[in-house]
Structures are given as structure tokens and as C-alpha cells.
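Enquirer: Mind looking over this structure? Questions follow.
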Amino acid sequence: MPAWTELALACARAARAALRLPSDASPVAVVLGSGLGAFAERLASQTAVPFESLPGFPATTVPGHRGRLVFGDLGGVPVLA
């Protein structure tokens, strides 16, 4: 398995644990770019985790980016943004 795949899996496991997601949770993942962070604010029942608290997860370096994963609900659909 390539090193980047192992890093991605480690990050995913850390995020799942930090957000306390159930093992059977299958949220829709949304990758938000610059200017789209407000989308995450629309999620109901939010749980947010800063990137720096996730082992192996890269820190944000862009001014104004909040640098966090947000898990919540959008119209009954579990979403990770």
C-alpha cells in the first residue's frame, strides 16, 4: 500500500475517533475550498475538530481558513465537511 494511502487511512481513523462517529456511520464528505466555509455553518447538530488535533492531518496555512472538520446533519443526511 502506498505511503499516502496509509496516511489517508490514519487521518480517517483519527477523524472518526475525534468526532465520535459510530462505526457504521457513512457520512457524505464535502471538500470545501476557499470561500465555501459557510456551508459547514449550515449543518445542524455540529461537532467540530481542529485539524491540528488529528494525528498526521495537515494543518491549514491559508489565512482566514478555520482549519477544522465539521460533522453534522443537512436535511437528514449526515455530512462531513
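The chains in the C-alpha cells are called A, B, ... from first to last as shown; in each chain the residues are counted from 1, and the ligands are counted from 1 in the order shown.
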Could you go through chain A and tell me which residues DSSP, when run on the backbone, assigns to strand (DSSP E), listing them as a ChimeraX atom specification?

Expert: /A:28-29,44-50,68-74,77-80

Enquirer: How about saving the chosen residues, C-alpha atoms kept, as an mmCIF file, in the first residue's frame?

Expert:
```
data_model
loop_
_atom_site.group_PDB
_atom_site.id
_atom_site.type_symbol
_atom_site.label_atom_id
_atom_site.label_comp_id
_atom_site.auth_asym_id
_atom_site.auth_seq_id
_atom_site.Cartn_x
_atom_site.Cartn_y
_atom_site.Cartn_z
ATOM 1 C CA VAL A 28 -21.302 12.328 2.752
ATOM 2 C CA ALA A 29 -17.913 14.084 2.639
ATOM 3 C CA ALA A 44 -27.339 21.057 12.210
ATOM 4 C CA SER A 45 -26.061 19.251 15.323
ATOM 5 C CA GLN A 46 -22.449 20.178 14.596
ATOM 6 C CA THR A 47 -19.356 18.597 16.067
ATOM 7 C CA ALA A 48 -16.096 20.272 15.010
ATOM 8 C CA VAL A 49 -12.493 19.128 15.441
ATOM 9 C CA PRO A 50 -9.430 21.282 14.657
ATOM 10 C CA ARG A 68 -11.360 22.079 11.126
ATOM 11 C CA LEU A 69 -13.503 19.099 10.233
ATOM 12 C CA VAL A 70 -17.198 19.541 10.885
ATOM 13 C CA PHE A 71 -19.670 16.683 11.189
ATOM 14 C CA GLY A 72 -23.364 17.466 11.173
ATOM 15 C CA ASP A 73 -26.701 16.959 9.503
ATOM 16 C CA LEU A 74 -28.089 18.599 6.374
ATOM 17 C CA VAL A 77 -28.178 13.420 5.654
ATOM 18 C CA PRO A 78 -25.005 13.017 7.761
ATOM 19 C CA VAL A 79 -22.291 15.279 6.306
ATOM 20 C CA LEU A 80 -18.570 15.638 6.978
#
```

Enquirer: Using only C-alpha atoms, which residues sit within 6 Å of Phe51 in chain A once same-chain residues fewer than 3 positions away are excluded, as number ranges by chain?

Expert: A: 54, 59, 67-68

Enquirer: Could you save the residues just selected, with N, CA and C atoms, as a PDB file, in the first residue's frame?

Expert:
```pdb
ATOM      1  N   LEU A  54      -5.747  16.182  14.992  1.00  0.00           N
ATOM      2  CA  LEU A  54      -5.801  14.884  14.316  1.00  0.00           C
ATOM      3  C   LEU A  54      -4.394  14.444  13.925  1.00  0.00           C
ATOM      4  N   ALA A  59      -1.967  20.732   8.727  1.00  0.00           N
ATOM      5  CA  ALA A  59      -2.538  21.970   9.269  1.00  0.00           C
ATOM      6  C   ALA A  59      -2.843  22.931   8.125  1.00  0.00           C
ATOM      7  N   GLY A  67      -9.652  25.698   9.478  1.00  0.00           N
ATOM      8  CA  GLY A  67      -8.828  24.534   9.765  1.00  0.00           C
ATOM      9  C   GLY A  67      -9.487  23.529  10.685  1.00  0.00           C
ATOM     10  N   ARG A  68     -10.649  23.035  10.284  1.00  0.00           N
ATOM     11  CA  ARG A  68     -11.360  22.079  11.126  1.00  0.00           C
ATOM     12  C   ARG A  68     -12.223  21.163  10.273  1.00  0.00           C
TER      13      ARG A  68
END
```

Enquirer: Could you pull the residues within 12 Å of Arg66 in chain A, counting only C-alpha atoms, minus those fewer than 5 positions along the same chain, as a VMD selection string?

Expert: chain A and resid 32 to 38 40 to 41 48 to 52 59 to 61 81

Enquirer: Limited to N, CA and C atoms, could you put the picked residues into a file as an mmCIF file, in the first residue's frame?

Expert:
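Written output follows (selection-v2.cif):
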```
data_model
loop_
_atom_site.group_PDB
_atom_site.id
_atom_site.type_symbol
_atom_site.label_atom_id
_atom_site.label_comp_id
_atom_site.auth_asym_id
_atom_site.auth_seq_id
_atom_site.Cartn_x
_atom_site.Cartn_y
_atom_site.Cartn_z
ATOM 1 N N LEU A 32 -14.418 21.498 1.046
ATOM 2 C CA LEU A 32 -14.740 22.909 0.844
ATOM 3 C C LEU A 32 -13.482 23.690 0.515
ATOM 4 N N GLY A 33 -13.549 24.489 -0.528
ATOM 5 C CA GLY A 33 -12.425 25.339 -0.911
ATOM 6 C C GLY A 33 -12.598 26.737 -0.345
ATOM 7 N N SER A 34 -11.705 27.606 -0.727
ATOM 8 C CA SER A 34 -11.746 28.993 -0.251
ATOM 9 C C SER A 34 -13.100 29.630 -0.556
ATOM 10 N N GLY A 35 -13.656 30.280 0.444
ATOM 11 C CA GLY A 35 -14.929 30.964 0.281
ATOM 12 C C GLY A 35 -16.147 30.100 0.512
ATOM 13 N N LEU A 36 -15.955 28.802 0.778
ATOM 14 C CA LEU A 36 -17.102 27.910 0.938
ATOM 15 C C LEU A 36 -17.291 27.423 2.373
ATOM 16 N N GLY A 37 -16.507 27.957 3.297
ATOM 17 C CA GLY A 37 -16.588 27.526 4.688
ATOM 18 C C GLY A 37 -17.947 27.753 5.325
ATOM 19 N N ALA A 38 -18.715 28.711 4.825
ATOM 20 C CA ALA A 38 -20.038 28.989 5.389
ATOM 21 C C ALA A 38 -20.978 27.796 5.232
ATOM 22 N N ALA A 40 -20.376 24.741 5.997
ATOM 23 C CA ALA A 40 -20.286 23.946 7.223
ATOM 24 C C ALA A 40 -21.121 24.560 8.343
ATOM 25 N N GLU A 41 -21.266 25.870 8.332
ATOM 26 C CA GLU A 41 -22.059 26.545 9.363
ATOM 27 C C GLU A 41 -23.542 26.219 9.250
ATOM 28 N N ALA A 48 -17.257 19.806 15.772
ATOM 29 C CA ALA A 48 -16.096 20.272 15.010
ATOM 30 C C ALA A 48 -14.810 19.870 15.722
ATOM 31 N N VAL A 49 -13.799 19.527 14.922
ATOM 32 C CA VAL A 49 -12.493 19.128 15.441
ATOM 33 C C VAL A 49 -11.425 19.879 14.662
ATOM 34 N N PRO A 50 -10.515 20.588 15.354
ATOM 35 C CA PRO A 50 -9.430 21.282 14.657
ATOM 36 C C PRO A 50 -8.477 20.294 13.984
ATOM 37 N N PHE A 51 -7.992 20.653 12.799
ATOM 38 C CA PHE A 51 -7.056 19.793 12.077
ATOM 39 C C PHE A 51 -5.875 19.396 12.942
ATOM 40 N N GLU A 52 -5.325 20.360 13.709
ATOM 41 C CA GLU A 52 -4.103 20.076 14.460
ATOM 42 C C GLU A 52 -4.298 19.035 15.556
ATOM 43 N N ALA A 59 -1.967 20.732 8.727
ATOM 44 C CA ALA A 59 -2.538 21.970 9.269
ATOM 45 C C ALA A 59 -2.843 22.931 8.125
ATOM 46 N N THR A 60 -3.847 23.761 8.316
ATOM 47 C CA THR A 60 -4.149 24.774 7.314
ATOM 48 C C THR A 60 -3.115 25.893 7.397
ATOM 49 N N THR A 61 -2.746 26.420 6.259
ATOM 50 C CA THR A 61 -1.755 27.502 6.220
ATOM 51 C C THR A 61 -2.308 28.751 5.550
ATOM 52 N N ALA A 81 -17.695 17.869 6.569
ATOM 53 C CA ALA A 81 -17.190 18.958 5.725
ATOM 54 C C ALA A 81 -15.913 19.524 6.312
#
```

Enquirer: So how far away is CA of Ser53 in chain A from CA of Arg13 in chain A, in Å?

Expert: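 Calculated distance between CA of Arg13 in chain A and CA of Ser53 in chain A is 12.6 Å.
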
Enquirer: How many Å separate CA of Arg16 in chain A from CA of Gly56 in chain A?

Expert: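 Atom-to-atom, CA of Arg16 in chain A and CA of Gly56 in chain A are spaced 13.6 Å apart.
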
Enquirer: Can you tell me, as a PyMOL selection string, which residues in chain A count as alpha helix (DSSP H) by DSSP?

Expert: chain A and resi 3-18+38-41

Enquirer: Could you check which of A:His65, A:Pro55, A:Phe39, A:Val31 is closest to Ala12 in chain A, using only C-alpha atoms?

Expert: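 Among the listed residues, A:Pro55 lies closest to Ala12 in chain A.
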